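This is structure23.pdb. It holds PDB, C-alpha atoms.
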```pdb
ATOM      1  CA  MET P 116     -90.155  18.370 -16.292  1.00  0.00           C
ATOM      2  CA  ILE P 117     -92.806  20.152 -14.269  1.00  0.00           C
ATOM      3  CA  THR P 118     -93.107  20.703 -10.509  1.00  0.00           C
ATOM      4  CA  ILE P 119     -96.201  19.972  -8.416  1.00  0.00           C
ATOM      5  CA  VAL P 120     -96.904  20.220  -4.690  1.00  0.00           C
ATOM      6  CA  PHE P 121     -98.010  16.850  -3.331  1.00  0.00           C
ATOM      7  CA  ASN P 122     -99.953  15.698  -0.238  1.00  0.00           C
ATOM      8  CA  ALA P 123    -101.335  12.307   0.763  1.00  0.00           C
ATOM      9  CA  PHE P 124    -103.772  11.485   3.536  1.00  0.00           C
ATOM     10  CA  SER P 125    -104.497   8.662   5.985  1.00  0.00           C
ATOM     11  CA  PHE P 126    -103.012   5.222   5.246  1.00  0.00           C
ATOM     12  CA  LEU P 127    -101.518   6.475   1.974  1.00  0.00           C
ATOM     13  CA  GLN P 128     -99.023   8.341   4.162  1.00  0.00           C
ATOM     14  CA  GLU P 129     -97.972   5.079   5.806  1.00  0.00           C
ATOM     15  CA  LYS P 130     -97.449   3.384   2.439  1.00  0.00           C
ATOM     16  CA  LEU P 131     -95.322   6.281   1.162  1.00  0.00           C
ATOM     17  CA  LYS P 132     -93.387   6.527   4.439  1.00  0.00           C
ATOM     18  CA  ALA P 133     -92.525   2.817   4.184  1.00  0.00           C
ATOM     19  CA  GLN P 134     -90.951   3.569   0.805  1.00  0.00           C
ATOM     20  CA  GLY P 135     -89.023   6.542   2.188  1.00  0.00           C
ATOM     21  CA  LEU P 136     -91.136   9.036   0.227  1.00  0.00           C
ATOM     22  CA  SER P 137     -92.311  12.395   1.550  1.00  0.00           C
ATOM     23  CA  TYR P 138     -96.046  13.044   1.531  1.00  0.00           C
ATOM     24  CA  VAL P 139     -96.838  16.464   3.069  1.00  0.00           C
ATOM     25  CA  ASN P 140     -96.443  19.664   1.030  1.00  0.00           C
ATOM     26  CA  VAL P 141     -93.540  18.204  -0.915  1.00  0.00           C
ATOM     27  CA  SER P 142     -92.445  19.596  -4.274  1.00  0.00           C
ATOM     28  CA  ILE P 143     -92.104  16.812  -6.837  1.00  0.00           C
ATOM     29  CA  GLU P 144     -90.729  16.966 -10.363  1.00  0.00           C
ATOM     30  CA  ILE P 145     -92.676  14.854 -12.861  1.00  0.00           C
ATOM     31  CA  GLY P 146     -92.712  14.484 -16.629  1.00  0.00           C
ATOM     32  CA  GLU P 147     -94.865  16.619 -18.910  1.00  0.00           C
ATOM     33  CA  GLY P 148     -98.264  15.011 -19.509  1.00  0.00           C
ATOM     34  CA  THR P 149     -98.188  12.911 -16.333  1.00  0.00           C
ATOM     35  CA  THR P 150    -101.700  11.961 -15.233  1.00  0.00           C
ATOM     36  CA  ILE P 151    -102.863  11.491 -11.670  1.00  0.00           C
ATOM     37  CA  LYS P 152    -103.020   7.722 -12.272  1.00  0.00           C
ATOM     38  CA  LYS P 153     -99.417   7.648 -13.511  1.00  0.00           C
ATOM     39  CA  LEU P 154     -98.298   9.695 -10.505  1.00  0.00           C
ATOM     40  CA  ILE P 155    -100.038   7.194  -8.211  1.00  0.00           C
ATOM     41  CA  THR P 156     -98.371   4.175  -9.824  1.00  0.00           C
ATOM     42  CA  ASP P 157     -94.985   5.913 -10.090  1.00  0.00           C
ATOM     43  CA  MET P 158     -95.153   6.419  -6.307  1.00  0.00           C
ATOM     44  CA  GLY P 159     -95.698   2.693  -5.808  1.00  0.00           C
ATOM     45  CA  LEU P 160     -99.357   3.010  -4.843  1.00  0.00           C
ATOM     46  CA  ASP P 161    -102.269   1.054  -6.259  1.00  0.00           C
ATOM     47  CA  PRO P 162    -104.846   3.253  -8.040  1.00  0.00           C
ATOM     48  CA  GLY P 163    -107.520   1.307  -6.127  1.00  0.00           C
ATOM     49  CA  ASP P 164    -106.130   2.766  -2.893  1.00  0.00           C
ATOM     50  CA  VAL P 165    -107.082   6.282  -4.037  1.00  0.00           C
ATOM     51  CA  GLU P 166    -110.740   7.234  -4.017  1.00  0.00           C
ATOM     52  CA  THR P 167    -110.340  10.893  -4.882  1.00  0.00           C
ATOM     53  CA  ALA P 168    -107.565  13.095  -6.180  1.00  0.00           C
ATOM     54  CA  PHE P 169    -107.787  16.822  -5.687  1.00  0.00           C
ATOM     55  CA  ILE P 170    -106.046  19.188  -8.067  1.00  0.00           C
ATOM     56  CA  ASN P 171    -105.921  22.762  -6.818  1.00  0.00           C
ATOM     57  CA  GLY P 172    -108.794  22.020  -4.440  1.00  0.00           C
ATOM     58  CA  HIS P 173    -111.123  20.317  -6.938  1.00  0.00           C
ATOM     59  CA  ALA P 174    -111.846  16.588  -7.202  1.00  0.00           C
ATOM     60  CA  GLU P 175    -110.664  15.373 -10.607  1.00  0.00           C
ATOM     61  CA  PRO P 176    -110.687  12.053 -12.526  1.00  0.00           C
ATOM     62  CA  LEU P 177    -107.516   9.947 -12.388  1.00  0.00           C
ATOM     63  CA  ASP P 178    -106.877  10.491 -16.111  1.00  0.00           C
ATOM     64  CA  THR P 179    -106.426  14.250 -15.563  1.00  0.00           C
ATOM     65  CA  SER P 180    -103.035  15.561 -16.726  1.00  0.00           C
ATOM     66  CA  LEU P 181    -100.989  17.539 -14.234  1.00  0.00           C
ATOM     67  CA  HIS P 182     -99.424  20.936 -14.892  1.00  0.00           C
ATOM     68  CA  SER P 183     -96.590  22.879 -13.334  1.00  0.00           C
ATOM     69  CA  GLY P 184     -97.657  24.517 -10.082  1.00  0.00           C
ATOM     70  CA  ASP P 185    -100.609  22.156  -9.473  1.00  0.00           C
ATOM     71  CA  ARG P 186    -101.373  21.251  -5.875  1.00  0.00           C
ATOM     72  CA  VAL P 187    -102.217  17.535  -5.740  1.00  0.00           C
ATOM     73  CA  ALA P 188    -103.813  15.706  -2.809  1.00  0.00           C
ATOM     74  CA  LEU P 189    -104.662  12.011  -2.716  1.00  0.00           C
ATOM     75  CA  VAL P 190    -107.480  10.771  -0.478  1.00  0.00           C
ATOM     76  CA  PRO P 191    -107.755   7.021   0.171  1.00  0.00           C
ATOM     77  CA  SER P 192    -110.764   4.787  -0.176  1.00  0.00           C
ATOM     78  CA  GLY P 193    -112.703   4.393   3.046  1.00  0.00           C
ATOM     79  CA  THR P 194    -112.660   8.037   4.082  1.00  0.00           C
ATOM     80  CA  PRO P 195    -115.339   8.454   6.794  1.00  0.00           C
ATOM     81  CA  GLY P 196    -118.736   9.894   5.805  1.00  0.00           C
ATOM     82  CA  PRO P 197    -118.555  13.401   7.318  1.00  0.00           C
ATOM     83  CA  TYR P 198    -115.163  14.046   5.720  1.00  0.00           C
ATOM     84  CA  ARG P 199    -116.503  12.920   2.348  1.00  0.00           C
ATOM     85  CA  VAL P 200    -119.078  15.725   2.452  1.00  0.00           C
ATOM     86  CA  LEU P 201    -116.606  18.328   3.728  1.00  0.00           C
ATOM     87  CA  LEU P 202    -114.130  17.439   1.012  1.00  0.00           C
ATOM     88  CA  GLY P 203    -116.776  17.516  -1.705  1.00  0.00           C
ATOM     89  CA  MET P 204    -116.502  13.808  -2.456  1.00  0.00           C
ATOM     90  CA  VAL P 205    -120.295  13.392  -2.380  1.00  0.00           C
ATOM     91  CA  ASN P 206    -123.226  15.505  -3.443  1.00  0.00           C
ATOM     92  CA  LYS P 207    -124.336  17.408  -0.339  1.00  0.00           C
ATOM     93  CA  HIS P 208    -127.845  17.820  -1.762  1.00  0.00           C
ATOM     94  CA  ALA P 209    -128.481  14.175  -2.705  1.00  0.00           C
TER
END
```
Would you write the structure of this file as structure tokens?
Amino acid sequence: MITIVFNAFSFLQEKLKAQGLSYVNVSIEIGEGTTIKKLITDMGLDPGDVETAFINGHAEPLDTSLHSGDRVALVPSGTPGPYRVLLGMVNKHA
């Protein structure tokens, strides 16, 4: 088992809250080799609900494996334009 620090934003918080799951700076134990996508589904979320996953402050693909000590943040689809740029979800120079 490994431990990560997990955060979710916007309506993902509501979905997790409805399931009785914590979603702000919570330490979670997961299995070795768990990917972001597996974490999402294990938490009862649909991968389509997540537009971007940040690992240690960097946007990463959903097939990225997590490691002990990683800080994971899930950002939902539909995040407003200005936040997309601030979070690095779009190319600022495009």
>> Taking (-98.5, 2.9, 2.7) as a centre in this file's frame and 12 Å as the limit, can you find every polymer residue with an atom that close, using all atoms listed in the file, and give them as a PyMOL selection string?
In response: chain P and resi 123-138+155+158-161+164-165+191
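Comparing P:Glu147, P:Ile119, P:Asn140, P:Arg186 by their smallest distance to Asn171 (chain P), the closest is P:Arg186 (using all atoms listed in the file).
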Using the file's own x, y and z axes, what box holds all listed atoms of region 132-149 of chain P with 8 Å on each side, keeping edges along x, y and z, and what are its centre and edge lengths in Å to one decimal, as lines of an AutoDock Vina configuration file?
```
center_x = -93.6
center_y = 11.2
center_z = -7.5
size_x = 25.2
size_y = 32.8
size_z = 39.9
```
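Here CA of Thr118 (chain P) stands at a distance of 10.8 Å from CA of Val187 (chain P).
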> Excluding same-chain residues fewer than 3 positions from His182 (chain P), what lies within 12 Å of it counting all atoms listed in the file, as an NGL selection string?
Replying inline: :P and (116-120 or 143-151 or 170-171 or 179 or 185-187)
Residues just named, written with C-alpha atoms as a compact mmCIF listing (two decimals), in the frame of the given file:
```
# COMPACT_ATOMS: atom_id res chain seq x y z
CA MET P 116 -90.16 18.37 -16.29
CA ILE P 117 -92.81 20.15 -14.27
CA THR P 118 -93.11 20.70 -10.51
CA ILE P 119 -96.20 19.97 -8.42
CA VAL P 120 -96.90 20.22 -4.69
CA ILE P 143 -92.10 16.81 -6.84
CA GLU P 144 -90.73 16.97 -10.36
CA ILE P 145 -92.68 14.85 -12.86
CA GLY P 146 -92.71 14.48 -16.63
CA GLU P 147 -94.86 16.62 -18.91
CA GLY P 148 -98.26 15.01 -19.51
CA THR P 149 -98.19 12.91 -16.33
CA THR P 150 -101.70 11.96 -15.23
CA ILE P 151 -102.86 11.49 -11.67
CA ILE P 170 -106.05 19.19 -8.07
CA ASN P 171 -105.92 22.76 -6.82
CA THR P 179 -106.43 14.25 -15.56
CA ASP P 185 -100.61 22.16 -9.47
CA ARG P 186 -101.37 21.25 -5.88
CA VAL P 187 -102.22 17.54 -5.74
```
>> If I take CA of Thr167 (chain P) and CA of Leu189 (chain P), how far is one from the other in Å, to one decimal?
In response: 6.2 Å
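Distances here use only C-alpha atoms; by that measure, the residue among P:Leu154, P:Glu166, P:Leu177, P:Val141 closest to Ser192 (chain P) is P:Glu166.
Atom pair CA of Gly184 (chain P) / CA of Gly163 (chain P): separated by 25.5 Å.
Shortest separation to Val139 (chain P) among P:Ser180, P:His173, P:Asn122, P:Asp157 occurs at residue P:Asn122, atoms counted being all atoms listed in the file.
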